[in-house]
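As provided, coords-v7.tsv (TSV, N, CA and C atoms) reads as follows.
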```
chain	number	residue	atom	x	y	z
A	10	MET	N	-35.39	34.95	-131.57
A	10	MET	CA	-34.47	33.85	-131.35
A	10	MET	C	-33.84	33.94	-129.96
A	11	LYS	N	-33.48	35.17	-129.56
A	11	LYS	CA	-32.87	35.36	-128.25
A	11	LYS	C	-33.82	34.95	-127.14
A	12	ARG	N	-35.13	35.24	-127.30
A	12	ARG	CA	-36.12	34.87	-126.30
A	12	ARG	C	-36.23	33.35	-126.17
A	13	ILE	N	-36.23	32.67	-127.29
A	13	ILE	CA	-36.32	31.20	-127.28
A	13	ILE	C	-35.10	30.61	-126.60
A	14	LEU	N	-33.93	31.13	-126.93
A	14	LEU	CA	-32.69	30.65	-126.32
A	14	LEU	C	-32.69	30.92	-124.82
A	15	ALA	N	-33.11	32.12	-124.40
A	15	ALA	CA	-33.16	32.46	-122.98
A	15	ALA	C	-34.15	31.57	-122.24
A	16	ALA	N	-35.31	31.32	-122.85
A	16	ALA	CA	-36.31	30.45	-122.24
A	16	ALA	C	-35.78	29.02	-122.11
A	17	ALA	N	-35.09	28.53	-123.13
A	17	ALA	CA	-34.53	27.17	-123.09
A	17	ALA	C	-33.49	27.05	-122.00
A	18	ILE	N	-32.66	28.06	-121.85
A	18	ILE	CA	-31.63	28.04	-120.79
A	18	ILE	C	-32.31	28.08	-119.43
A	19	ALA	N	-33.31	28.93	-119.25
A	19	ALA	CA	-34.01	29.04	-117.97
A	19	ALA	C	-34.68	27.73	-117.59
A	20	VAL	N	-35.33	27.08	-118.54
A	20	VAL	CA	-36.00	25.81	-118.27
A	20	VAL	C	-34.99	24.72	-117.93
A	21	SER	N	-33.84	24.71	-118.59
A	21	SER	CA	-32.85	23.67	-118.31
A	21	SER	C	-32.19	23.85	-116.95
A	22	VAL	N	-32.18	25.08	-116.43
A	22	VAL	CA	-31.56	25.35	-115.13
A	22	VAL	C	-32.55	25.12	-113.99
A	23	LEU	N	-33.82	25.28	-114.22
A	23	LEU	CA	-34.81	25.15	-113.16
A	23	LEU	C	-34.72	23.86	-112.36
A	24	PRO	N	-34.65	22.69	-112.96
A	24	PRO	CA	-34.58	21.48	-112.14
A	24	PRO	C	-33.35	21.44	-111.24
A	25	VAL	N	-32.23	21.95	-111.71
A	25	VAL	CA	-31.01	21.95	-110.90
A	25	VAL	C	-31.16	22.91	-109.73
A	26	ALA	N	-31.69	24.10	-110.00
A	26	ALA	CA	-31.82	25.09	-108.95
A	26	ALA	C	-32.83	24.65	-107.89
A	27	GLY	N	-33.87	23.93	-108.28
A	27	GLY	CA	-34.90	23.52	-107.35
A	27	GLY	C	-34.58	22.24	-106.59
A	28	MET	N	-33.52	21.55	-106.98
A	28	MET	CA	-33.21	20.28	-106.33
A	28	MET	C	-32.51	20.52	-105.00
A	29	ALA	N	-32.99	19.86	-103.96
A	29	ALA	CA	-32.35	19.95	-102.66
A	29	ALA	C	-31.23	18.92	-102.59
A	30	GLU	N	-30.25	19.22	-101.76
A	30	GLU	CA	-29.16	18.28	-101.56
A	30	GLU	C	-29.68	17.04	-100.84
A	31	SER	N	-29.17	15.90	-101.21
A	31	SER	CA	-29.64	14.62	-100.67
A	31	SER	C	-29.14	14.38	-99.25
A	32	VAL	N	-29.98	13.74	-98.45
A	32	VAL	CA	-29.59	13.35	-97.10
A	32	VAL	C	-28.82	12.03	-97.13
A	33	TYR	N	-28.90	11.30	-98.24
A	33	TYR	CA	-28.25	9.99	-98.33
A	33	TYR	C	-26.74	10.11	-98.16
A	34	GLY	N	-26.19	9.17	-97.43
A	34	GLY	CA	-24.75	9.16	-97.18
A	34	GLY	C	-24.47	9.23	-95.68
A	35	ASP	N	-23.24	9.55	-95.35
A	35	ASP	CA	-22.79	9.54	-93.96
A	35	ASP	C	-22.78	10.93	-93.35
A	36	TRP	N	-23.24	11.01	-92.09
A	36	TRP	CA	-23.30	12.27	-91.35
A	36	TRP	C	-22.64	12.09	-89.99
A	37	LYS	N	-21.93	13.12	-89.57
A	37	LYS	CA	-21.27	13.14	-88.26
A	37	LYS	C	-22.17	13.89	-87.29
A	38	THR	N	-22.53	13.23	-86.17
A	38	THR	CA	-23.34	13.90	-85.16
A	38	THR	C	-22.51	14.97	-84.48
A	39	SER	N	-23.17	15.83	-83.72
A	39	SER	CA	-22.41	16.80	-82.92
A	39	SER	C	-21.64	16.03	-81.85
A	40	THR	N	-20.61	16.65	-81.31
A	40	THR	CA	-19.77	15.96	-80.32
A	40	THR	C	-20.34	16.12	-78.92
A	41	ASP	N	-20.04	15.13	-78.07
A	41	ASP	CA	-20.44	15.24	-76.67
A	41	ASP	C	-19.36	16.02	-75.91
A	42	LYS	N	-19.47	16.07	-74.59
A	42	LYS	CA	-18.53	16.86	-73.77
A	42	LYS	C	-17.08	16.39	-73.91
A	43	GLU	N	-16.90	15.11	-74.22
A	43	GLU	CA	-15.54	14.57	-74.37
A	43	GLU	C	-15.05	14.61	-75.81
A	44	GLY	N	-15.86	15.10	-76.71
A	44	GLY	CA	-15.46	15.17	-78.11
A	44	GLY	C	-15.81	13.94	-78.92
A	45	ASN	N	-16.55	13.00	-78.34
A	45	ASN	CA	-16.97	11.79	-79.05
A	45	ASN	C	-18.13	12.10	-79.99
A	46	HIS	N	-18.24	11.34	-81.05
A	46	HIS	CA	-19.36	11.51	-81.99
A	46	HIS	C	-19.66	10.18	-82.68
A	47	LEU	N	-20.79	10.17	-83.36
A	47	LEU	CA	-21.20	9.00	-84.15
A	47	LEU	C	-21.17	9.37	-85.62
A	48	ILE	N	-21.05	8.36	-86.46
A	48	ILE	CA	-21.30	8.51	-87.90
A	48	ILE	C	-22.57	7.71	-88.18
A	49	VAL	N	-23.55	8.40	-88.76
A	49	VAL	CA	-24.83	7.80	-89.09
A	49	VAL	C	-24.98	7.80	-90.60
A	50	SER	N	-25.29	6.65	-91.16
A	50	SER	CA	-25.41	6.48	-92.60
A	50	SER	C	-26.89	6.44	-92.99
A	51	PHE	N	-27.30	7.37	-93.87
A	51	PHE	CA	-28.69	7.46	-94.31
A	51	PHE	C	-28.88	6.78	-95.66
A	52	ALA	N	-30.00	6.07	-95.77
A	52	ALA	CA	-30.37	5.38	-97.00
A	52	ALA	C	-31.89	5.26	-97.06
A	53	ALA	N	-32.38	4.89	-98.22
A	53	ALA	CA	-33.81	4.67	-98.37
A	53	ALA	C	-34.20	3.38	-97.65
A	54	CYS	N	-35.37	3.40	-97.03
A	54	CYS	CA	-35.95	2.19	-96.48
A	54	CYS	C	-37.43	2.22	-96.88
A	55	LYS	N	-37.72	1.46	-97.90
A	55	LYS	CA	-39.02	1.50	-98.59
A	55	LYS	C	-39.18	2.90	-99.17
A	56	ASP	N	-40.28	3.58	-98.87
A	56	ASP	CA	-40.49	4.93	-99.42
A	56	ASP	C	-40.12	6.01	-98.41
A	57	MET	N	-39.37	5.63	-97.38
A	57	MET	CA	-38.94	6.58	-96.35
A	57	MET	C	-37.41	6.61	-96.28
A	58	VAL	N	-36.89	7.32	-95.30
A	58	VAL	CA	-35.45	7.44	-95.10
A	58	VAL	C	-35.11	6.99	-93.69
A	59	CYS	N	-34.02	6.23	-93.57
A	59	CYS	CA	-33.57	5.74	-92.27
A	59	CYS	C	-32.08	5.99	-92.12
A	60	GLY	N	-31.62	6.08	-90.88
A	60	GLY	CA	-30.21	6.28	-90.59
A	60	GLY	C	-29.71	5.23	-89.61
A	61	THR	N	-28.60	4.59	-89.95
A	61	THR	CA	-28.02	3.52	-89.15
A	61	THR	C	-26.66	3.96	-88.62
A	62	ILE	N	-26.38	3.63	-87.37
A	62	ILE	CA	-25.10	3.99	-86.76
A	62	ILE	C	-24.00	3.17	-87.41
A	63	LYS	N	-23.06	3.87	-88.02
A	63	LYS	CA	-21.94	3.23	-88.72
A	63	LYS	C	-20.76	3.02	-87.77
A	64	GLY	N	-20.65	3.89	-86.75
A	64	GLY	CA	-19.56	3.76	-85.80
A	64	GLY	C	-19.53	4.91	-84.82
A	65	ALA	N	-18.77	4.72	-83.73
A	65	ALA	CA	-18.55	5.75	-82.72
A	65	ALA	C	-17.06	6.10	-82.73
A	66	TYR	N	-16.75	7.38	-82.56
A	66	TYR	CA	-15.38	7.87	-82.68
A	66	TYR	C	-15.04	8.79	-81.52
A	67	ASN	N	-13.77	8.78	-81.12
A	67	ASN	CA	-13.32	9.68	-80.07
A	67	ASN	C	-12.92	11.02	-80.66
A	68	ALA	N	-12.44	11.93	-79.81
A	68	ALA	CA	-12.09	13.28	-80.25
A	68	ALA	C	-10.97	13.30	-81.28
A	69	GLN	N	-10.13	12.27	-81.29
A	69	GLN	CA	-9.04	12.19	-82.26
A	69	GLN	C	-9.47	11.53	-83.57
A	70	GLY	N	-10.74	11.13	-83.64
A	70	GLY	CA	-11.25	10.50	-84.85
A	70	GLY	C	-11.01	9.00	-84.93
A	71	GLU	N	-10.57	8.41	-83.82
A	71	GLU	CA	-10.32	6.96	-83.79
A	71	GLU	C	-11.62	6.23	-83.47
A	72	LYS	N	-11.89	5.19	-84.22
A	72	LYS	CA	-13.12	4.43	-84.06
A	72	LYS	C	-13.04	3.54	-82.81
A	73	TYR	N	-14.15	3.55	-82.03
A	73	TYR	CA	-14.24	2.67	-80.87
A	73	TYR	C	-14.58	1.27	-81.38
A	74	ALA	N	-13.73	0.31	-81.06
A	74	ALA	CA	-13.99	-1.08	-81.45
A	74	ALA	C	-15.07	-1.65	-80.55
A	75	GLY	N	-16.00	-2.36	-81.12
A	75	GLY	CA	-17.03	-3.04	-80.35
A	75	GLY	C	-18.11	-2.14	-79.78
A	76	TYR	N	-18.33	-0.98	-80.37
A	76	TYR	CA	-19.40	-0.10	-79.88
A	76	TYR	C	-20.73	-0.84	-80.00
A	77	GLU	N	-21.43	-0.97	-78.87
A	77	GLU	CA	-22.62	-1.83	-78.80
A	77	GLU	C	-23.78	-1.39	-79.70
A	78	ALA	N	-23.86	-0.12	-80.05
A	78	ALA	CA	-24.97	0.34	-80.89
A	78	ALA	C	-24.62	0.39	-82.37
A	79	GLU	N	-23.40	0.01	-82.73
A	79	GLU	CA	-23.00	0.01	-84.13
A	79	GLU	C	-23.92	-0.92	-84.92
A	80	GLY	N	-24.41	-0.43	-86.05
A	80	GLY	CA	-25.30	-1.22	-86.89
A	80	GLY	C	-26.76	-1.08	-86.52
A	81	LYS	N	-27.05	-0.39	-85.43
A	81	LYS	CA	-28.43	-0.21	-84.99
A	81	LYS	C	-29.04	1.02	-85.67
A	82	ARG	N	-30.30	0.91	-86.01
A	82	ARG	CA	-31.00	2.02	-86.66
A	82	ARG	C	-31.25	3.12	-85.62
A	83	MET	N	-30.83	4.33	-85.95
A	83	MET	CA	-30.98	5.46	-85.05
A	83	MET	C	-32.11	6.40	-85.50
A	84	VAL	N	-32.26	6.56	-86.80
A	84	VAL	CA	-33.30	7.41	-87.38
A	84	VAL	C	-34.14	6.55	-88.30
A	85	TYR	N	-35.45	6.64	-88.16
A	85	TYR	CA	-36.29	5.81	-89.04
A	85	TYR	C	-37.64	6.46	-89.32
A	86	ASP	N	-38.26	5.95	-90.37
A	86	ASP	CA	-39.59	6.40	-90.81
A	86	ASP	C	-39.66	7.88	-91.20
A	87	MET	N	-38.54	8.46	-91.62
A	87	MET	CA	-38.56	9.85	-92.07
A	87	MET	C	-39.22	9.93	-93.43
A	88	GLN	N	-40.22	10.78	-93.54
A	88	GLN	CA	-40.96	10.93	-94.79
A	88	GLN	C	-40.45	12.18	-95.52
A	89	PRO	N	-39.98	12.00	-96.76
A	89	PRO	CA	-39.50	13.16	-97.53
A	89	PRO	C	-40.64	14.15	-97.79
A	90	GLU	N	-40.36	15.43	-97.55
A	90	GLU	CA	-41.33	16.50	-97.78
A	90	GLU	C	-40.98	17.32	-99.01
A	91	GLY	N	-39.75	17.15	-99.51
A	91	GLY	CA	-39.26	17.99	-100.59
A	91	GLY	C	-38.37	19.08	-100.04
A	92	ASN	N	-37.56	19.67	-100.91
A	92	ASN	CA	-36.65	20.75	-100.53
A	92	ASN	C	-35.72	20.37	-99.38
A	93	GLY	N	-35.34	19.10	-99.29
A	93	GLY	CA	-34.40	18.66	-98.26
A	93	GLY	C	-34.99	18.48	-96.88
A	94	SER	N	-36.32	18.53	-96.76
A	94	SER	CA	-36.99	18.39	-95.47
A	94	SER	C	-37.62	17.01	-95.32
A	95	TYR	N	-37.61	16.51	-94.08
A	95	TYR	CA	-38.16	15.20	-93.75
A	95	TYR	C	-38.97	15.36	-92.47
A	96	LYS	N	-40.09	14.63	-92.37
A	96	LYS	CA	-40.98	14.79	-91.22
A	96	LYS	C	-41.52	13.45	-90.74
A	97	ASP	N	-42.19	13.50	-89.61
A	97	ASP	CA	-42.93	12.36	-89.04
A	97	ASP	C	-42.07	11.13	-88.80
A	98	GLY	N	-40.78	11.35	-88.51
A	98	GLY	CA	-39.89	10.23	-88.23
A	98	GLY	C	-39.68	10.03	-86.75
A	99	LYS	N	-38.78	9.14	-86.44
A	99	LYS	CA	-38.40	8.82	-85.06
A	99	LYS	C	-36.88	8.84	-84.98
A	100	ILE	N	-36.38	9.18	-83.80
A	100	ILE	CA	-34.95	9.11	-83.54
A	100	ILE	C	-34.73	8.44	-82.20
A	101	TRP	N	-33.79	7.52	-82.19
A	101	TRP	CA	-33.42	6.80	-80.98
A	101	TRP	C	-32.13	7.40	-80.43
A	102	ASP	N	-32.12	7.71	-79.14
A	102	ASP	CA	-30.93	8.24	-78.48
A	102	ASP	C	-30.23	7.10	-77.75
A	103	PRO	N	-29.07	6.66	-78.25
A	103	PRO	CA	-28.40	5.53	-77.61
A	103	PRO	C	-27.97	5.80	-76.17
A	104	GLU	N	-27.72	7.07	-75.85
A	104	GLU	CA	-27.28	7.41	-74.50
A	104	GLU	C	-28.40	7.22	-73.47
A	105	SER	N	-29.60	7.66	-73.80
A	105	SER	CA	-30.73	7.55	-72.86
A	105	SER	C	-31.62	6.35	-73.15
A	106	ASP	N	-31.42	5.72	-74.29
A	106	ASP	CA	-32.26	4.63	-74.78
A	106	ASP	C	-33.71	5.08	-74.97
A	107	GLY	N	-33.89	6.38	-75.24
A	107	GLY	CA	-35.22	6.92	-75.50
A	107	GLY	C	-35.45	7.11	-76.98
A	108	THR	N	-36.71	7.01	-77.39
A	108	THR	CA	-37.10	7.23	-78.78
A	108	THR	C	-38.03	8.43	-78.82
A	109	TYR	N	-37.78	9.33	-79.77
A	109	TYR	CA	-38.50	10.59	-79.84
A	109	TYR	C	-39.01	10.84	-81.26
A	110	SER	N	-40.07	11.65	-81.38
A	110	SER	CA	-40.53	12.05	-82.71
A	110	SER	C	-39.46	12.97	-83.29
A	111	ALA	N	-39.32	12.96	-84.61
A	111	ALA	CA	-38.22	13.71	-85.20
A	111	ALA	C	-38.57	14.24	-86.59
A	112	SER	N	-37.84	15.28	-86.95
A	112	SER	CA	-37.86	15.84	-88.30
A	112	SER	C	-36.44	16.30	-88.59
A	113	MET	N	-36.15	16.54	-89.86
A	113	MET	CA	-34.80	16.99	-90.20
A	113	MET	C	-34.83	17.74	-91.53
A	114	THR	N	-33.80	18.58	-91.70
A	114	THR	CA	-33.67	19.38	-92.90
A	114	THR	C	-32.20	19.46	-93.31
A	115	VAL	N	-31.93	19.18	-94.58
A	115	VAL	CA	-30.59	19.32	-95.13
A	115	VAL	C	-30.41	20.77	-95.55
A	116	GLU	N	-29.31	21.39	-95.07
A	116	GLU	CA	-28.97	22.76	-95.44
A	116	GLU	C	-27.51	22.77	-95.85
A	117	GLY	N	-27.24	22.49	-97.12
A	117	GLY	CA	-25.87	22.40	-97.62
A	117	GLY	C	-25.18	21.19	-97.02
A	118	SER	N	-24.09	21.43	-96.30
A	118	SER	CA	-23.36	20.31	-95.68
A	118	SER	C	-23.76	20.11	-94.22
A	119	SER	N	-24.88	20.73	-93.83
A	119	SER	CA	-25.42	20.57	-92.47
A	119	SER	C	-26.76	19.86	-92.51
A	120	LEU	N	-27.02	19.10	-91.46
A	120	LEU	CA	-28.30	18.43	-91.30
A	120	LEU	C	-28.85	18.85	-89.95
A	121	LYS	N	-29.98	19.56	-89.96
A	121	LYS	CA	-30.65	19.98	-88.73
A	121	LYS	C	-31.60	18.85	-88.33
A	122	VAL	N	-31.35	18.25	-87.17
A	122	VAL	CA	-32.15	17.13	-86.68
A	122	VAL	C	-32.89	17.61	-85.43
A	123	LYS	N	-34.22	17.55	-85.48
A	123	LYS	CA	-35.04	18.01	-84.37
A	123	LYS	C	-35.75	16.81	-83.75
A	124	GLY	N	-35.56	16.62	-82.46
A	124	GLY	CA	-36.22	15.56	-81.73
A	124	GLY	C	-37.15	16.16	-80.70
A	125	CYS	N	-38.33	15.57	-80.54
A	125	CYS	CA	-39.33	16.11	-79.61
A	125	CYS	C	-39.91	15.01	-78.73
A	126	ALA	N	-40.25	15.40	-77.51
A	126	ALA	CA	-40.90	14.51	-76.55
A	126	ALA	C	-42.16	15.21	-76.04
A	127	VAL	N	-42.95	14.51	-75.28
A	127	VAL	CA	-44.16	15.04	-74.65
A	127	VAL	C	-45.06	15.71	-75.69
A	128	GLY	N	-45.34	14.99	-76.75
A	128	GLY	CA	-46.25	15.49	-77.78
A	128	GLY	C	-45.76	16.74	-78.49
A	129	GLY	N	-44.45	16.94	-78.54
A	129	GLY	CA	-43.89	18.10	-79.22
A	129	GLY	C	-43.69	19.31	-78.33
A	130	LEU	N	-43.96	19.17	-77.03
A	130	LEU	CA	-43.79	20.30	-76.12
A	130	LEU	C	-42.32	20.55	-75.77
A	131	LEU	N	-41.53	19.49	-75.72
A	131	LEU	CA	-40.11	19.60	-75.41
A	131	LEU	C	-39.32	19.16	-76.63
A	132	CYS	N	-38.63	20.09	-77.28
A	132	CYS	CA	-37.88	19.78	-78.50
A	132	CYS	C	-36.45	20.29	-78.39
A	133	ASP	N	-35.57	19.64	-79.10
A	133	ASP	CA	-34.17	20.05	-79.18
A	133	ASP	C	-33.70	19.82	-80.61
A	134	THR	N	-32.94	20.76	-81.13
A	134	THR	CA	-32.41	20.64	-82.48
A	134	THR	C	-30.89	20.51	-82.41
A	135	ASP	N	-30.37	19.56	-83.15
A	135	ASP	CA	-28.95	19.28	-83.20
A	135	ASP	C	-28.48	19.45	-84.65
A	136	THR	N	-27.27	19.93	-84.84
A	136	THR	CA	-26.73	20.09	-86.20
A	136	THR	C	-25.64	19.07	-86.44
A	137	TRP	N	-25.83	18.27	-87.47
A	137	TRP	CA	-24.85	17.27	-87.89
A	137	TRP	C	-24.16	17.79	-89.16
A	138	THR	N	-22.97	17.28	-89.44
A	138	THR	CA	-22.26	17.69	-90.65
A	138	THR	C	-22.00	16.47	-91.53
A	139	ARG	N	-21.95	16.73	-92.83
A	139	ARG	CA	-21.69	15.62	-93.76
A	139	ARG	C	-20.30	15.09	-93.48
A	140	ALA	N	-20.20	13.77	-93.32
A	140	ALA	CA	-18.91	13.13	-93.04
A	140	ALA	C	-18.06	13.10	-94.29
A	141	LYS	N	-16.75	13.20	-94.12
A	141	LYS	CA	-15.83	13.21	-95.26
A	141	LYS	C	-15.25	11.84	-95.48
```

Take the structure I supplied and represent it as structure tokens, if you would.
Amino acid sequence: MKRILAAAIAVSVLPVAGMAESVYGDWKTSTDKEGNHLIVSFAACKDMVCGTIKGAYNAQGEKYAGYEAEGKRMVYDMQPEGNGSYKDGKIWDPESDGTYSASMTVEGSSLKVKGCAVGGLLCDTDTWTRAK
């Protein structure tokens, strides 16, 4: 009886333990030299994941009114890989107006966003935090 009970408990916990935290919701980008940041909202777009700029904020957390890129898609075509990882997406940099290949991974309340140019030869990883 104890074995059956232990097996039932183990099976009921497995799906919870194996589930990765969702990327859906709002994320705060890292800050620039002046302390400014964006809030990017992630949602499903067809069978992929996309992120739209919800707003731009100064170092004091005040929203910039009329930010020209607000509402524009910043992350798109991210394909879920499982375990909180996404691949084969694109990321648009509003500062440079460049678009780069991208991947990302949710790690608790952090989102590691990797953007690459020149066929993946030049890459940079940025850490975003879940917005409150």

Contacts of Ala52 (chain A) within 8 Å, all atoms listed in the file, excl. fewer than 5 positions in-chain, as number ranges by chain: A: 32-35, 57-61

Which of A:Thr40, A:Cys132, A:Gly93, A:Ile100 sits closest to Met113 (chain A) [using all atoms listed in the file]: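 Result for the nearest residue to Met113 (chain A): A:Gly93.
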
Residue contacts of Val115 (chain A) (8 Å, all atoms listed in the file) excluding same-chain residues fewer than 2 positions away, as a PyMOL selection string: chain A and resi 29-32+92-95+113+117-122

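Using only C-alpha atoms, the shortest contact distance between Asp97 (chain A) and any of A:Tyr66, A:Phe51, A:Trp137, A:Tyr109 is found at A:Tyr109.
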
Nearest to Glu77 (chain A), chosen from A:Pro89, A:Gly44, A:Gly107, A:Gly64, with only C-alpha atoms counted in the distances: A:Gly64

Neighbour list for Gly80 (chain A) as number ranges by chain, cut-off 12 Å, only C-alpha atoms, skip fewer than 4 positions in-chain: A: 47-51, 60-65, 75-76, 84, 103
